[in-house]
There are 2 protein chains.
Amino acid sequence: MRVLGIDPGLTRCGLGVVEGSIGRPLTLVDVSVVRTSAELAVPDRLVTIEKGIDARLDEYQPDAVAIERIFARSDVSTIMGTAQAAGIAMVCAARRGLPVALHTPSEVKAAVSGSGRADKAQVGLMVSRLLRLDSVPKPADSADALALAICHIWRGGAQARIDAAAARVATAGRSRP
Amino acid sequence: MRVLGIDPGLTRCGLGVVEGSIGRPLTLVDVSVVRTSAELAVPDRLVTIEKGIDARLDEYQPDAVAIERIFARSDVSTIMGTAQAAGIAMVCAARRGLPVALHTPSEVKAAVSGSGRADKAQVGLMVSRLLRLDSVPKPADSADALALAICHIWRGGAQARIDAAAARVATAGRSRP
């Protein structure tokens with residue numbers, strides 16, 4: 001399966017596309033970062049992020065989208081923009097009918113490094129090893145996006161299919177007379 | 001000017017369209033609430049909200065959009081969904097090049113009732129008086145959306161034009177060689 005991992009952020013939004021399946025080698029398809037200037041108004045920054053995500057979805061046609069789950073207890077000064085970027089990412093995927101999975105930072109760290117408390121450097125190093133890259137992807141947002149995609153391939157794919165099926169059943173149930 | 005006021009929320013998103021200008025009577029154009037079921041996945045709920053907002057923008061062609069400014073210190077259990085709904089609202093407006101203004105709850109209360117600490121009932125009552133309605137719009141989200149639109153007509157219009165002009169100048173400055 002091919003997964004677009006998104007590390008949401010208003011200033012830097014990491015986007016990583018990885019292809020693979022459980023027990024098979026992983027392949028890096030694309031990695032990039034959408035940057036928006038703090039001089040622009042937030043609505044315009046969010047539109048730039050939307051365009052960036054839509055462009056990757058158009059170009060790489062992933063089977064699923066994995067987004068970092070944001071917690072309200074995170075840094076208050078950036079949490080609103082991060083939450084909004086994550087919301088835009090969800091809408092971009094859901095509009096196309098793509099399954100969306102949210103993974104927590106500890107789930108992602110545990111999936112790629114074996115420890116939910118790994119630091120940024122360890123995550124970057126493991127991502128570069130798993131994808132057989134010559135160097136650690138920079139900035140950290142791009143490495144995190146790739147880690148999200150890898151995490152999803154390894155642990156989230158099955159769960160996303162279960163959730164999607166449950167949602168379809170729930171919707172079908174409600175639309176009956 | 002015609003303004004779409006949006007009281008963002010994942011469960012209920014209030015949408016109110018008001019027409020008027022400073023010193024002239026205000027007119028209710030439309031008021032509605034987009035509701036999404038908690039049984040649906042968040043990405044699908046956000047898409048429903050996006051469709052609802054886009055439909056009002058298409059139908060009523062407002063000159064500006066006024067959205068409640070969300071603070072990270074609000075209720076933690078609903079803040080993420082509210083922030084995301086607000087982000088979608090911003091994108092819907094900015095995509096069309098419409099000016100977006102964020103007004104705080106106290107600014108809105110002060111604009112319609114004269115006091116930044118007015119309660120929901122007072123805001124609803126003042127909205128119904130200002131728009132010459134027979135009853136207070138229900139639920140509160142719809143009254144709040146109308147109050148946002150009124151607030152914007154009275155205090156935000158000038159500011160939005162200044163911000164938009166500043167953003168245009170900033171963008172033009174950066175795009176020069």
# chains A, B, ... in the order shown; residues from 1 in each chain; ligands from 1
$ closest_atom_pairs --of "chain A" --to "chain B" --cutoff "8 Å" --atoms "only C-alpha atoms" --output "JSON lines"
{"residue": "A:Glu39", "atom": "CA", "partner": "B:Ala170", "partner_atom": "CA", "distance": 7.6}
{"residue": "A:Leu40", "atom": "CA", "partner": "B:Ala167", "partner_atom": "CA", "distance": 6.4}
{"residue": "A:Ala41", "atom": "CA", "partner": "B:Ala167", "partner_atom": "CA", "distance": 7.2}
{"residue": "A:Val42", "atom": "CA", "partner": "B:Met90", "partner_atom": "CA", "distance": 7.9}
{"residue": "A:Pro43", "atom": "CA", "partner": "B:Met90", "partner_atom": "CA", "distance": 4.9}
{"residue": "A:Asp44", "atom": "CA", "partner": "B:Ala94", "partner_atom": "CA", "distance": 6.0}
{"residue": "A:Leu46", "atom": "CA", "partner": "B:Val91", "partner_atom": "CA", "distance": 6.1}
{"residue": "A:Val47", "atom": "CA", "partner": "B:Val91", "partner_atom": "CA", "distance": 5.6}
{"residue": "A:Phe71", "atom": "CA", "partner": "B:Met80", "partner_atom": "CA", "distance": 7.8}
{"residue": "A:Ala72", "atom": "CA", "partner": "B:Val76", "partner_atom": "CA", "distance": 6.1}
{"residue": "A:Val76", "atom": "CA", "partner": "B:Ala72", "partner_atom": "CA", "distance": 6.1}
{"residue": "A:Ile79", "atom": "CA", "partner": "B:Ala72", "partner_atom": "CA", "distance": 7.3}
{"residue": "A:Met80", "atom": "CA", "partner": "B:Ala83", "partner_atom": "CA", "distance": 6.3}
{"residue": "A:Ala83", "atom": "CA", "partner": "B:Gln84", "partner_atom": "CA", "distance": 6.0}
{"residue": "A:Gln84", "atom": "CA", "partner": "B:Gln84", "partner_atom": "CA", "distance": 4.7}
{"residue": "A:Ala85", "atom": "CA", "partner": "B:Gly87", "partner_atom": "CA", "distance": 7.5}
{"residue": "A:Ala86", "atom": "CA", "partner": "B:Gln84", "partner_atom": "CA", "distance": 7.5}
{"residue": "A:Gly87", "atom": "CA", "partner": "B:Gln84", "partner_atom": "CA", "distance": 4.9}
{"residue": "A:Ile88", "atom": "CA", "partner": "B:Ile88", "partner_atom": "CA", "distance": 6.4}
{"residue": "A:Met90", "atom": "CA", "partner": "B:Pro43", "partner_atom": "CA", "distance": 4.9}
{"residue": "A:Val91", "atom": "CA", "partner": "B:Pro43", "partner_atom": "CA", "distance": 5.5}
{"residue": "A:Ala93", "atom": "CA", "partner": "B:Pro43", "partner_atom": "CA", "distance": 7.8}
{"residue": "A:Ala94", "atom": "CA", "partner": "B:Pro43", "partner_atom": "CA", "distance": 5.6}
{"residue": "A:Arg95", "atom": "CA", "partner": "B:Val47", "partner_atom": "CA", "distance": 6.4}
{"residue": "A:Val100", "atom": "CA", "partner": "B:Pro43", "partner_atom": "CA", "distance": 7.3}
{"residue": "A:Ala167", "atom": "CA", "partner": "B:Leu40", "partner_atom": "CA", "distance": 6.3}
{"residue": "A:Ala170", "atom": "CA", "partner": "B:Glu39", "partner_atom": "CA", "distance": 7.6}
{"residue": "A:Thr171", "atom": "CA", "partner": "B:Leu40", "partner_atom": "CA", "distance": 8.0}
$ residues_around --residues "stretch 102-118 of chain A" --least-positions-apart "6" --cutoff "10 Å" --atoms "only C-alpha atoms" --output "PyMOL selection string"
chain A and resi 5-7+65-71+86+90+124-127+129-130+144-156+160
$ residues_around --residues "stretch 25-29 of chain A" --least-positions-apart "2" --cutoff "10 Å" --atoms "only C-alpha atoms" --output "list in words"
Met1, Arg2, Val3, Leu4, Gly16, Val17, Val18, Glu19, Gly20, Ser21, Ile22, Gly23, Val31, Tyr60, Val127, Ser128, Leu130, Leu131, Arg132, Leu133, Leu146, Ala149, Ile150 and Ile153 of chain A
$ write_last_selection --atoms "N, CA, C and O atoms" --output "compact mmCIF listing (two decimals), in the first residue's frame"
# COMPACT_ATOMS: atom_id res chain seq x y z
N MET A 1 0.83 -1.20 0.00
CA MET A 1 0.00 0.00 0.00
C MET A 1 0.87 1.25 0.00
O MET A 1 2.01 1.24 0.43
N ARG A 2 0.30 2.32 -0.53
CA ARG A 2 1.02 3.58 -0.61
C ARG A 2 0.34 4.57 0.34
O ARG A 2 -0.87 4.75 0.26
N VAL A 3 1.13 5.16 1.23
CA VAL A 3 0.57 6.02 2.27
C VAL A 3 1.21 7.41 2.24
O VAL A 3 2.43 7.54 2.13
N LEU A 4 0.35 8.43 2.33
CA LEU A 4 0.85 9.80 2.51
C LEU A 4 0.81 10.10 4.01
O LEU A 4 -0.26 10.09 4.62
N GLY A 16 5.14 13.05 3.48
CA GLY A 16 5.99 11.95 3.06
C GLY A 16 5.17 10.82 2.48
O GLY A 16 4.20 10.39 3.08
N VAL A 17 5.56 10.34 1.30
CA VAL A 17 4.84 9.23 0.67
C VAL A 17 5.74 8.00 0.69
O VAL A 17 6.88 8.04 0.23
N VAL A 18 5.20 6.92 1.27
CA VAL A 18 5.97 5.67 1.38
C VAL A 18 5.11 4.53 0.84
O VAL A 18 3.90 4.51 1.04
N GLU A 19 5.78 3.60 0.17
CA GLU A 19 5.07 2.42 -0.33
C GLU A 19 5.65 1.19 0.34
O GLU A 19 6.85 1.09 0.56
N GLY A 20 4.78 0.24 0.67
CA GLY A 20 5.27 -0.98 1.28
C GLY A 20 4.14 -1.78 1.89
O GLY A 20 2.98 -1.40 1.81
N SER A 21 4.51 -2.90 2.48
CA SER A 21 3.53 -3.70 3.21
C SER A 21 4.26 -4.41 4.33
O SER A 21 5.51 -4.44 4.35
N ILE A 22 3.51 -4.97 5.26
CA ILE A 22 4.12 -5.61 6.42
C ILE A 22 5.04 -6.75 5.96
O ILE A 22 4.65 -7.58 5.15
N GLY A 23 6.29 -6.74 6.46
CA GLY A 23 7.22 -7.82 6.14
C GLY A 23 7.95 -7.66 4.82
O GLY A 23 8.74 -8.51 4.45
N VAL A 31 9.17 13.02 -0.59
CA VAL A 31 9.14 13.72 0.69
C VAL A 31 9.30 15.21 0.44
O VAL A 31 10.07 15.62 -0.43
N TYR A 60 0.60 11.46 -6.37
CA TYR A 60 1.05 10.15 -5.90
C TYR A 60 -0.07 9.17 -5.60
O TYR A 60 0.18 8.00 -5.32
N VAL A 127 14.18 6.24 10.22
CA VAL A 127 13.49 6.47 8.94
C VAL A 127 14.48 6.31 7.79
O VAL A 127 14.19 5.65 6.79
N SER A 128 15.67 6.90 7.96
CA SER A 128 16.64 6.83 6.87
C SER A 128 17.12 5.38 6.65
O SER A 128 17.34 4.95 5.52
N LEU A 130 15.29 2.56 7.43
CA LEU A 130 14.17 1.76 6.91
C LEU A 130 13.94 2.02 5.43
O LEU A 130 13.52 1.14 4.69
N LEU A 131 14.21 3.27 5.00
CA LEU A 131 13.97 3.62 3.60
C LEU A 131 15.27 3.55 2.78
O LEU A 131 15.27 3.90 1.59
N ARG A 132 16.37 3.11 3.44
CA ARG A 132 17.67 3.00 2.78
C ARG A 132 18.10 4.31 2.11
O ARG A 132 18.44 4.35 0.93
N LEU A 133 18.04 5.40 2.90
CA LEU A 133 18.45 6.72 2.39
C LEU A 133 19.89 6.99 2.79
O LEU A 133 20.39 6.44 3.79
N LEU A 146 7.40 10.93 7.07
CA LEU A 146 7.75 9.59 6.58
C LEU A 146 7.52 8.55 7.68
O LEU A 146 7.02 7.45 7.40
N ALA A 149 3.92 7.68 7.83
CA ALA A 149 3.51 6.78 6.74
C ALA A 149 3.96 5.34 7.04
O ALA A 149 3.20 4.39 6.85
N ILE A 150 5.19 5.20 7.54
CA ILE A 150 5.72 3.86 7.87
C ILE A 150 4.88 3.24 8.99
O ILE A 150 4.48 2.07 8.92
N ILE A 153 1.67 1.96 7.60
CA ILE A 153 1.81 0.73 6.82
C ILE A 153 1.93 -0.46 7.77
O ILE A 153 1.33 -1.51 7.56
$ select_by_dssp --residues "stretch 41-117 of chain A" --states "helix (DSSP H, G or I)" --output "number ranges by chain"
A: 42-60, 76-95, 105-113
$ select_by_dssp --residues "stretch 4-140 of chain A" --states "strand (DSSP E)" --output "ChimeraX atom specification"
/A:4-7,12-19,27-35,64-68,100-103
$ write_last_selection --atoms "N, CA and C atoms" --output "JSON list (two decimals), in the first residue's frame"
[["chain", "number", "residue", "atom", "x", "y", "z"],
["A", 4, "LEU", "N", 0.35, 8.43, 2.33],
["A", 4, "LEU", "CA", 0.85, 9.80, 2.51],
["A", 4, "LEU", "C", 0.81, 10.10, 4.01],
["A", 5, "GLY", "N", 1.99, 10.33, 4.60],
["A", 5, "GLY", "CA", 2.07, 10.73, 6.00],
["A", 5, "GLY", "C", 2.14, 12.24, 6.07],
["A", 6, "ILE", "N", 1.37, 12.82, 7.00],
["A", 6, "ILE", "CA", 1.34, 14.28, 7.12],
["A", 6, "ILE", "C", 1.65, 14.69, 8.56],
["A", 7, "ASP", "N", 2.73, 15.46, 8.73],
["A", 7, "ASP", "CA", 3.06, 16.04, 10.04],
["A", 7, "ASP", "C", 2.54, 17.48, 9.97],
["A", 12, "ARG", "N", 5.47, 24.84, 8.92],
["A", 12, "ARG", "CA", 6.03, 23.75, 8.12],
["A", 12, "ARG", "C", 5.11, 22.55, 8.25],
["A", 13, "CYS", "N", 4.66, 22.05, 7.10],
["A", 13, "CYS", "CA", 3.79, 20.87, 7.09],
["A", 13, "CYS", "C", 4.54, 19.78, 6.32],
["A", 14, "GLY", "N", 4.98, 18.74, 7.05],
["A", 14, "GLY", "CA", 5.76, 17.68, 6.42],
["A", 14, "GLY", "C", 4.87, 16.70, 5.67],
["A", 15, "LEU", "N", 5.30, 16.32, 4.45],
["A", 15, "LEU", "CA", 4.51, 15.40, 3.63],
["A", 15, "LEU", "C", 5.44, 14.30, 3.12],
["A", 16, "GLY", "N", 5.14, 13.05, 3.48],
["A", 16, "GLY", "CA", 5.99, 11.95, 3.06],
["A", 16, "GLY", "C", 5.17, 10.82, 2.48],
["A", 17, "VAL", "N", 5.56, 10.34, 1.30],
["A", 17, "VAL", "CA", 4.84, 9.23, 0.67],
["A", 17, "VAL", "C", 5.74, 8.00, 0.69],
["A", 18, "VAL", "N", 5.20, 6.92, 1.27],
["A", 18, "VAL", "CA", 5.97, 5.67, 1.38],
["A", 18, "VAL", "C", 5.11, 4.53, 0.84],
["A", 19, "GLU", "N", 5.78, 3.60, 0.17],
["A", 19, "GLU", "CA", 5.07, 2.42, -0.33],
["A", 19, "GLU", "C", 5.65, 1.19, 0.34],
["A", 27, "THR", "N", 9.61, 1.60, 0.48],
["A", 27, "THR", "CA", 10.20, 2.46, -0.55],
["A", 27, "THR", "C", 9.77, 3.90, -0.35],
["A", 28, "LEU", "N", 10.74, 4.80, -0.41],
["A", 28, "LEU", "CA", 10.43, 6.24, -0.38],
["A", 28, "LEU", "C", 9.90, 6.64, -1.75],
["A", 29, "VAL", "N", 8.71, 7.23, -1.79],
["A", 29, "VAL", "CA", 8.15, 7.71, -3.05],
["A", 29, "VAL", "C", 8.41, 9.20, -3.20],
["A", 30, "ASP", "N", 8.16, 9.95, -2.13],
["A", 30, "ASP", "CA", 8.37, 11.41, -2.19],
["A", 30, "ASP", "C", 8.40, 11.96, -0.77],
["A", 31, "VAL", "N", 9.17, 13.02, -0.59],
["A", 31, "VAL", "CA", 9.14, 13.72, 0.69],
["A", 31, "VAL", "C", 9.30, 15.21, 0.44],
["A", 32, "SER", "N", 8.50, 16.00, 1.13],
["A", 32, "SER", "CA", 8.55, 17.44, 0.92],
["A", 32, "SER", "C", 7.96, 18.15, 2.13],
["A", 33, "VAL", "N", 8.11, 19.47, 2.13],
["A", 33, "VAL", "CA", 7.56, 20.28, 3.21],
["A", 33, "VAL", "C", 6.84, 21.47, 2.60],
["A", 34, "VAL", "N", 5.61, 21.70, 3.01],
["A", 34, "VAL", "CA", 4.91, 22.93, 2.60],
["A", 34, "VAL", "C", 5.20, 23.97, 3.66],
["A", 35, "ARG", "N", 5.77, 25.08, 3.25],
["A", 35, "ARG", "CA", 6.08, 26.17, 4.20],
["A", 35, "ARG", "C", 5.15, 27.34, 3.93],
["A", 64, "ALA", "N", -4.03, 5.64, 1.39],
["A", 64, "ALA", "CA", -4.48, 6.10, 2.70],
["A", 64, "ALA", "C", -3.64, 7.30, 3.12],
["A", 65, "VAL", "N", -4.16, 8.04, 4.08],
["A", 65, "VAL", "CA", -3.45, 9.20, 4.61],
["A", 65, "VAL", "C", -3.32, 9.03, 6.12],
["A", 66, "ALA", "N", -2.10, 9.21, 6.64],
["A", 66, "ALA", "CA", -1.85, 9.09, 8.08],
["A", 66, "ALA", "C", -1.42, 10.46, 8.59],
["A", 67, "ILE", "N", -2.12, 10.95, 9.60],
["A", 67, "ILE", "CA", -1.88, 12.29, 10.12],
["A", 67, "ILE", "C", -1.53, 12.19, 11.60],
["A", 68, "GLU", "N", -0.62, 13.05, 12.06],
["A", 68, "GLU", "CA", -0.30, 13.01, 13.49],
["A", 68, "GLU", "C", -1.49, 13.49, 14.31],
["A", 100, "VAL", "N", -8.51, 7.88, 6.42],
["A", 100, "VAL", "CA", -7.63, 8.75, 7.20],
["A", 100, "VAL", "C", -7.38, 8.08, 8.54],
["A", 101, "ALA", "N", -6.13, 7.99, 8.95],
["A", 101, "ALA", "CA", -5.82, 7.46, 10.27],
["A", 101, "ALA", "C", -5.02, 8.49, 11.03],
["A", 102, "LEU", "N", -5.30, 8.62, 12.32],
["A", 102, "LEU", "CA", -4.52, 9.50, 13.17],
["A", 102, "LEU", "C", -3.65, 8.64, 14.07],
["A", 103, "HIS", "N", -2.37, 8.92, 14.10],
["A", 103, "HIS", "CA", -1.46, 8.19, 14.98],
["A", 103, "HIS", "C", -0.82, 9.18, 15.95]]
$ atom_distance --atom1 "atom CA of B:Glu59" --atom2 "atom CA of B:Ala140"
23.0 Å
